[in-house]
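Please read the structure below before turning to the comments.
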Amino acid sequence: MRLEETREQLVERLTRSGDKGVLRFITCGSVDDGKSTLIGRLLYDSKLIFEDQISTLEKDSRKHGTAGEEIDFALLLDGLEAEREQGITIDVAYRFFNTETRKFVVADTPGHEQYTRNMATGASTADLAVILVDARKGVLVQTLRHTYIANMMGIRHVVLAVNKMDLVDHSRARFHEIVAEYLKTADGLNFETITAIPMSARYGENVSHTSEAMDWYTGPTLLAHLETVETARDEASQPFRFPVQWVNRPNLDFRGFSGTVASGQIAVGDEIVVAAAGTRAVLQRIVTADGDQEAARAGQAVTLVLDREIDISRGDVLSGADDRPQVSSQFAAEVLWMHTDEMLPGRSYLLKAGGQTTPVSVTTLKHKLDVNTFDKEPARKLELNEIGVCNLSTSRPIAFDAYKDIRETGSFILIDRYTNLTVGAGMIEFGLRRATNVHTHAMDVTKTRRAEIKHQKPAILWFTGLSGAGKSTIANLVERKLTEAGHHTYSLDGDNVRHGLNKDLGFTDADRVENIRRIGEVARLFVDAGMIVTCSFISPFRSERQMVRELVGEDEFIEVFVDAPLEVCIARDPKGLYKKAQAGEIKNFTGFDSPYEAPEAPELHVRTADLAAEDAAEQVIEELKKAGRLG
């Protein structure tokens, strides 16, 4: 096929505005259900491919295609060489097209389970999801997973596209069997519409033209449905939200706050408030690239200038004075986990919501979801692609809305503190009431005063290393020397605390994380009391040691890496634990079937393979003296 339109005619047609506005939709489903082929067919049938592009497509189809001598429309979107060779979509590919009545932004999202995070990315801005099912395979686990993620991301309209009907002889019975199976689970979700369409994307049947082979189907084609479905969100009627992306200060005479209006609208003269601080001001100017304007609404990028100087930073959320977002450090959220390292309650991550970034930990994993049945299951961790409902606690209060009310201020991502990788995506459900009822009580006697009386600077001496490296022995000697010198100390030891405070915990990764979280909080209290506290724990994970470090002042955490090779520790085996681990009597033992993440930049590195414990303790004391910790 060759197009008769000139480029000028095509450009003119594409720039016409349809009366239905813009529809953002995604295609998703399992691997090889035909998502890329479907979008390629839509572009082709909408006459959006130039003659030279068709020639290239024909050449690529012969080299990489899966349709024999015919055009493989999937290659229009599978732009990565790895995708063409494997026949799968890895990245999220966006395409833009329009008809006489509507403009479209379509995201072709990956079907492979490994790339579920990319599917979630595409769903986060979509109004409608086209979920494809291979008529031969029926509804698969990945079909249900993508359905739930679409619902979780706030999509309210679904098209169940039963594809490859040509490979099942256009069977009406097979189509209705698949639809019934899908609706049995999807009906319990919050979709406003679910429209089922039988089709063959390869041949365009019921995509943009009606299929003669499926004359039993009397509904709309996919394109006709996309042109008419009503998905508009009245963002302008929502409360005003403006996450500050940048404090614009080009000179001494101008100070504005730049960003994109997330929801609602604002006009010059309106009163606004900094959500977290409660500080109020009046909007004086709305500055844009095209000059000042009197009002701004959702989706517009603007700079706001206020009538007076108030403290506003990147990450703050500005709102209307009479309809403010929630501000809390604790909230419940639905989390999609996106990394091979599991999510563990108690572990510290970074939460990024709009321009706000703050340390966060999962305080409770309430349950996870069975994607086969959408049933809730008890869980102690989330693994790759699992979805759970969690309570989270941030290090400082943040401003947010429920995701169902305002997407932009109700969503967040979780970032690994060491790799900087995005490991999870979350949708806030509600703030926890206890966070607003619990307040810090100011005390007359401060940490500084307690330390002055003791003539010392409080600190946590955190001894970490493998079992048998010598942590407890060295920590005990250090405390004895400090006490003999008249200092006020206390010792927290891994074995001792498991007889009381942590006797309910085992040795799974989740329990180890909670063990260190509790110890960190207790150690922080000792520091607040002006004490020097020694903590002797294997503490195998860097993220938990970092979490404890951040509980106290910048110079109040001293990490002592007690380092001995594993073979030396095994030879010492003071408690007989290595022997039991080798015999299979102990599970999750660090150094055998549970990892140890060595410190990367400890304040003190003590190598005990050839160093006596007494000498190692002297090293620690000397380090404390150099740092001025001993008064």
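Labels used: A, B, ... for chains in the order of the structure tokens, numbers from 1 for residues in each chain, and numbers from 1 for ligands as shown.
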Discussion item. Applying 10 Å and only C-alpha atoms, which residues near Asp401 of chain A remain after dropping the ones on its own chain fewer than 4 positions away? List them as an MDAnalysis selection string.
Written reply: chainID A and resid 241 324:327 405:411 427:431
Worksheet item: Do you know which residues are at most 8 Å from segment 344-351 of chain A counting only C-alpha atoms, after dropping those on the same chain fewer than 3 positions away, and could you put them as JSON, numbers by chain?
Response: {"A": [356, 357, 358, 359, 360, 361, 362, 363, 364, 365, 380, 381, 382, 394, 412, 413, 414, 415, 416, 417, 509, 510, 513, 514, 517, 543, 544, 547]}
Could you take the residues named above and write them with C-alpha atoms, as a PDB file, in the first residue's frame?
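Output saved as selection_28.pdb:
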```
ATOM      1  CA  GLN A 356       9.654  16.246  47.939  1.00  0.00           C
ATOM      2  CA  THR A 357      12.367  13.699  48.800  1.00  0.00           C
ATOM      3  CA  THR A 358      12.678  12.273  52.298  1.00  0.00           C
ATOM      4  CA  PRO A 359      13.844   9.079  54.056  1.00  0.00           C
ATOM      5  CA  VAL A 360      11.010   6.609  54.627  1.00  0.00           C
ATOM      6  CA  SER A 361      10.505   3.147  56.052  1.00  0.00           C
ATOM      7  CA  VAL A 362       7.667   0.664  55.811  1.00  0.00           C
ATOM      8  CA  THR A 363       6.403   0.305  59.367  1.00  0.00           C
ATOM      9  CA  THR A 364       3.815  -2.376  58.570  1.00  0.00           C
ATOM     10  CA  LEU A 365       3.114  -4.603  55.573  1.00  0.00           C
ATOM     11  CA  ARG A 380       6.314 -10.193  55.712  1.00  0.00           C
ATOM     12  CA  LYS A 381       7.981  -8.892  52.535  1.00  0.00           C
ATOM     13  CA  LEU A 382       7.255  -7.972  48.925  1.00  0.00           C
ATOM     14  CA  THR A 394       8.707   9.469  56.654  1.00  0.00           C
ATOM     15  CA  PHE A 412       5.307   8.504  44.952  1.00  0.00           C
ATOM     16  CA  ILE A 413       8.279   6.331  44.109  1.00  0.00           C
ATOM     17  CA  LEU A 414      10.672   4.525  46.438  1.00  0.00           C
ATOM     18  CA  ILE A 415      14.410   4.764  45.760  1.00  0.00           C
ATOM     19  CA  ASP A 416      17.193   2.507  47.035  1.00  0.00           C
ATOM     20  CA  ARG A 417      19.529   4.638  49.109  1.00  0.00           C
ATOM     21  CA  ASP A 509      16.014 -10.811  56.589  1.00  0.00           C
ATOM     22  CA  ALA A 510      12.806  -9.092  57.708  1.00  0.00           C
ATOM     23  CA  VAL A 513      15.876  -5.400  59.739  1.00  0.00           C
ATOM     24  CA  GLU A 514      13.375  -4.995  62.598  1.00  0.00           C
ATOM     25  CA  ARG A 517      15.492  -0.713  63.824  1.00  0.00           C
ATOM     26  CA  SER A 543      20.722   0.330  54.646  1.00  0.00           C
ATOM     27  CA  GLU A 544      19.911  -0.486  58.290  1.00  0.00           C
ATOM     28  CA  MET A 547      19.145   4.247  59.061  1.00  0.00           C
TER      29      MET A 547
END
```
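Atom CA of Asn502 of chain A lies 6.5 Å from atom CA of Asn515 of chain A.
Distance check against Val139 of chain A using only C-alpha atoms: of A:Arg156, A:Lys454, A:His605, A:Lys184, the minimum falls on A:Lys184.
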Discussion item. I want to know what sits within 7 Å of segment 257-265 of chain A, based on only C-alpha atoms, with residues of the same chain fewer than 5 positions away left out; could you give that as a ChimeraX atom specification?
Written reply: /A:235-248,296-305,408
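Excluding Ala196 of chain A itself and same-chain residues fewer than 2 positions from it, the residues having an atom within 10 Å of it are Val130, Ile131, Leu132, Val158, Val159, Leu160, Ala161, Val162, Phe175, His176, Ile178, Val179, Tyr182, Leu183, Thr193, Ile194, Pro198, Met199, Gly219, Pro220 and Leu222 of chain A, counting only C-alpha atoms.
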Fill in: Selection: 12 Å around segment 478-486 of chain A, only C-alpha atoms, excl. self and same-chain fewer than 5 positions, as a PyMOL selection string
chain A and resi 454-456+460-463+471-473+491-493+531-536+560+613-625+629-631
Limited to N, CA, C and O atoms, could you put the picked residues into a file as a CSV table (one decimal), in the first residue's frame?
```
chain,number,residue,atom,x,y,z
A,454,LYS,N,28.2,15.2,82.2
A,454,LYS,CA,29.0,14.0,82.1
A,454,LYS,C,30.4,14.3,81.5
A,454,LYS,O,31.2,13.4,81.4
A,455,HIS,N,30.7,15.5,81.1
A,455,HIS,CA,32.0,15.9,80.5
A,455,HIS,C,32.4,15.0,79.3
A,455,HIS,O,33.5,14.5,79.3
A,456,GLN,N,31.4,14.8,78.4
A,456,GLN,CA,31.7,14.0,77.3
A,456,GLN,C,30.7,14.3,76.2
A,456,GLN,O,29.7,15.0,76.4
A,460,ILE,N,27.2,6.9,69.4
A,460,ILE,CA,26.9,5.5,69.2
A,460,ILE,C,28.2,4.9,68.6
A,460,ILE,O,28.7,5.4,67.5
A,461,LEU,N,28.8,4.0,69.3
A,461,LEU,CA,29.9,3.2,68.7
A,461,LEU,C,29.3,1.9,68.2
A,461,LEU,O,28.9,1.0,68.9
A,462,TRP,N,29.2,1.8,66.8
A,462,TRP,CA,28.5,0.7,66.2
A,462,TRP,C,29.5,-0.3,65.7
A,462,TRP,O,30.2,-0.1,64.7
A,463,PHE,N,29.7,-1.5,66.4
A,463,PHE,CA,30.6,-2.5,66.0
A,463,PHE,C,29.9,-3.5,65.1
A,463,PHE,O,28.9,-4.1,65.5
A,471,LYS,N,33.6,-8.7,67.6
A,471,LYS,CA,32.8,-7.4,67.9
A,471,LYS,C,32.5,-7.3,69.4
A,471,LYS,O,32.9,-6.2,70.0
A,472,SER,N,31.9,-8.3,70.0
A,472,SER,CA,31.5,-8.2,71.4
A,472,SER,C,32.7,-8.1,72.3
A,472,SER,O,32.6,-7.3,73.3
A,473,THR,N,33.7,-8.8,72.0
A,473,THR,CA,34.9,-8.8,72.9
A,473,THR,C,35.5,-7.4,72.9
A,473,THR,O,35.9,-6.8,73.9
A,491,SER,N,26.2,-0.6,77.1
A,491,SER,CA,26.5,-1.5,76.1
A,491,SER,C,25.2,-2.3,75.6
A,491,SER,O,24.5,-2.8,76.5
A,492,LEU,N,25.0,-2.3,74.3
A,492,LEU,CA,23.9,-3.1,73.7
A,492,LEU,C,24.5,-4.2,72.9
A,492,LEU,O,25.3,-3.9,72.0
A,493,ASP,N,24.3,-5.4,73.2
A,493,ASP,CA,24.9,-6.5,72.5
A,493,ASP,C,23.8,-7.4,71.9
A,493,ASP,O,22.7,-7.6,72.4
A,531,MET,N,24.9,9.8,76.8
A,531,MET,CA,25.8,8.6,77.0
A,531,MET,C,26.6,8.2,75.8
A,531,MET,O,26.3,8.6,74.7
A,532,ILE,N,27.7,7.5,76.0
A,532,ILE,CA,28.4,6.8,75.0
A,532,ILE,C,27.9,5.4,75.0
A,532,ILE,O,28.2,4.7,76.0
A,533,VAL,N,27.3,4.9,73.9
A,533,VAL,CA,26.7,3.6,73.9
A,533,VAL,C,27.4,2.8,72.9
A,533,VAL,O,27.6,3.2,71.7
A,534,THR,N,27.9,1.6,73.3
A,534,THR,CA,28.5,0.6,72.3
A,534,THR,C,27.4,-0.3,71.9
A,534,THR,O,26.6,-0.9,72.7
A,535,CYS,N,27.4,-0.6,70.6
A,535,CYS,CA,26.4,-1.5,70.0
A,535,CYS,C,27.1,-2.6,69.2
A,535,CYS,O,27.9,-2.2,68.2
A,536,SER,N,27.0,-3.8,69.6
A,536,SER,CA,27.7,-4.9,68.9
A,536,SER,C,26.7,-5.8,68.2
A,536,SER,O,26.1,-6.6,68.9
A,560,VAL,N,32.4,1.1,63.4
A,560,VAL,CA,33.6,0.3,63.6
A,560,VAL,C,33.5,-1.0,62.9
A,560,VAL,O,32.7,-1.8,63.4
A,613,ALA,N,42.6,-8.4,70.7
A,613,ALA,CA,41.4,-7.7,71.1
A,613,ALA,C,41.8,-6.4,71.9
A,613,ALA,O,41.2,-5.3,71.7
A,614,GLU,N,42.8,-6.6,72.8
A,614,GLU,CA,43.2,-5.4,73.6
A,614,GLU,C,43.7,-4.3,72.7
A,614,GLU,O,43.4,-3.1,73.0
A,615,ASP,N,44.5,-4.6,71.7
A,615,ASP,CA,45.1,-3.6,70.8
A,615,ASP,C,44.0,-3.0,70.0
A,615,ASP,O,44.0,-1.8,69.7
A,616,ALA,N,43.0,-3.8,69.6
A,616,ALA,CA,41.9,-3.3,68.8
A,616,ALA,C,41.1,-2.3,69.6
A,616,ALA,O,40.7,-1.2,69.1
A,617,ALA,N,40.9,-2.6,70.9
A,617,ALA,CA,40.2,-1.7,71.8
A,617,ALA,C,40.9,-0.4,71.9
A,617,ALA,O,40.3,0.7,72.0
A,618,GLU,N,42.2,-0.4,72.1
A,618,GLU,CA,43.0,0.8,72.2
A,618,GLU,C,42.9,1.6,70.9
A,618,GLU,O,42.9,2.9,71.0
A,619,GLN,N,42.8,1.0,69.7
A,619,GLN,CA,42.6,1.7,68.5
A,619,GLN,C,41.3,2.5,68.5
A,619,GLN,O,41.3,3.7,68.1
A,620,VAL,N,40.3,1.9,69.1
A,620,VAL,CA,39.0,2.6,69.1
A,620,VAL,C,39.1,3.8,70.1
A,620,VAL,O,38.6,4.9,69.8
A,621,ILE,N,39.7,3.6,71.3
A,621,ILE,CA,39.8,4.7,72.2
A,621,ILE,C,40.6,5.8,71.7
A,621,ILE,O,40.2,7.0,71.8
A,622,GLU,N,41.7,5.5,71.0
A,622,GLU,CA,42.5,6.6,70.3
A,622,GLU,C,41.7,7.4,69.3
A,622,GLU,O,41.8,8.6,69.2
A,623,GLU,N,40.9,6.7,68.6
A,623,GLU,CA,40.0,7.3,67.6
A,623,GLU,C,39.0,8.3,68.2
A,623,GLU,O,38.8,9.4,67.8
A,624,LEU,N,38.5,7.8,69.4
A,624,LEU,CA,37.6,8.7,70.1
A,624,LEU,C,38.2,9.9,70.6
A,624,LEU,O,37.7,11.0,70.6
A,625,LYS,N,39.5,9.8,71.1
A,625,LYS,CA,40.2,10.9,71.6
A,625,LYS,C,40.5,11.9,70.5
A,625,LYS,O,40.3,13.1,70.6
A,629,ARG,N,35.7,13.1,71.4
A,629,ARG,CA,34.5,12.6,72.0
A,629,ARG,C,34.5,12.4,73.5
A,629,ARG,O,33.5,12.2,74.1
A,630,LEU,N,35.7,12.5,74.0
A,630,LEU,CA,35.9,12.2,75.5
A,630,LEU,C,36.1,13.4,76.3
A,630,LEU,O,36.7,13.4,77.4
A,631,GLY,N,35.5,14.5,75.9
A,631,GLY,CA,35.5,15.7,76.7
A,631,GLY,C,36.7,16.6,76.5
A,631,GLY,O,37.5,16.4,75.7
```
Item to complete: Write out as a ChimeraX atom specification each polymer residue whose atoms come within 9 Å of Arg572 of chain A, counting only C-alpha atoms; drop sequence neighbours fewer than 4 positions from it.
Response: /A:468-469,567-568,576
Next, dump the selected residues to file, keeping only C-alpha atoms, as a PDB file, in the first residue's frame.
```pdb
ATOM      1  CA  GLY A 468      33.463 -14.555  65.357  1.00  0.00           C
ATOM      2  CA  ALA A 469      35.222 -11.412  64.129  1.00  0.00           C
ATOM      3  CA  GLU A 567      37.846 -18.724  57.333  1.00  0.00           C
ATOM      4  CA  VAL A 568      39.270 -17.075  60.458  1.00  0.00           C
ATOM      5  CA  GLY A 576      29.724 -23.216  67.672  1.00  0.00           C
TER       6      GLY A 576
END
```
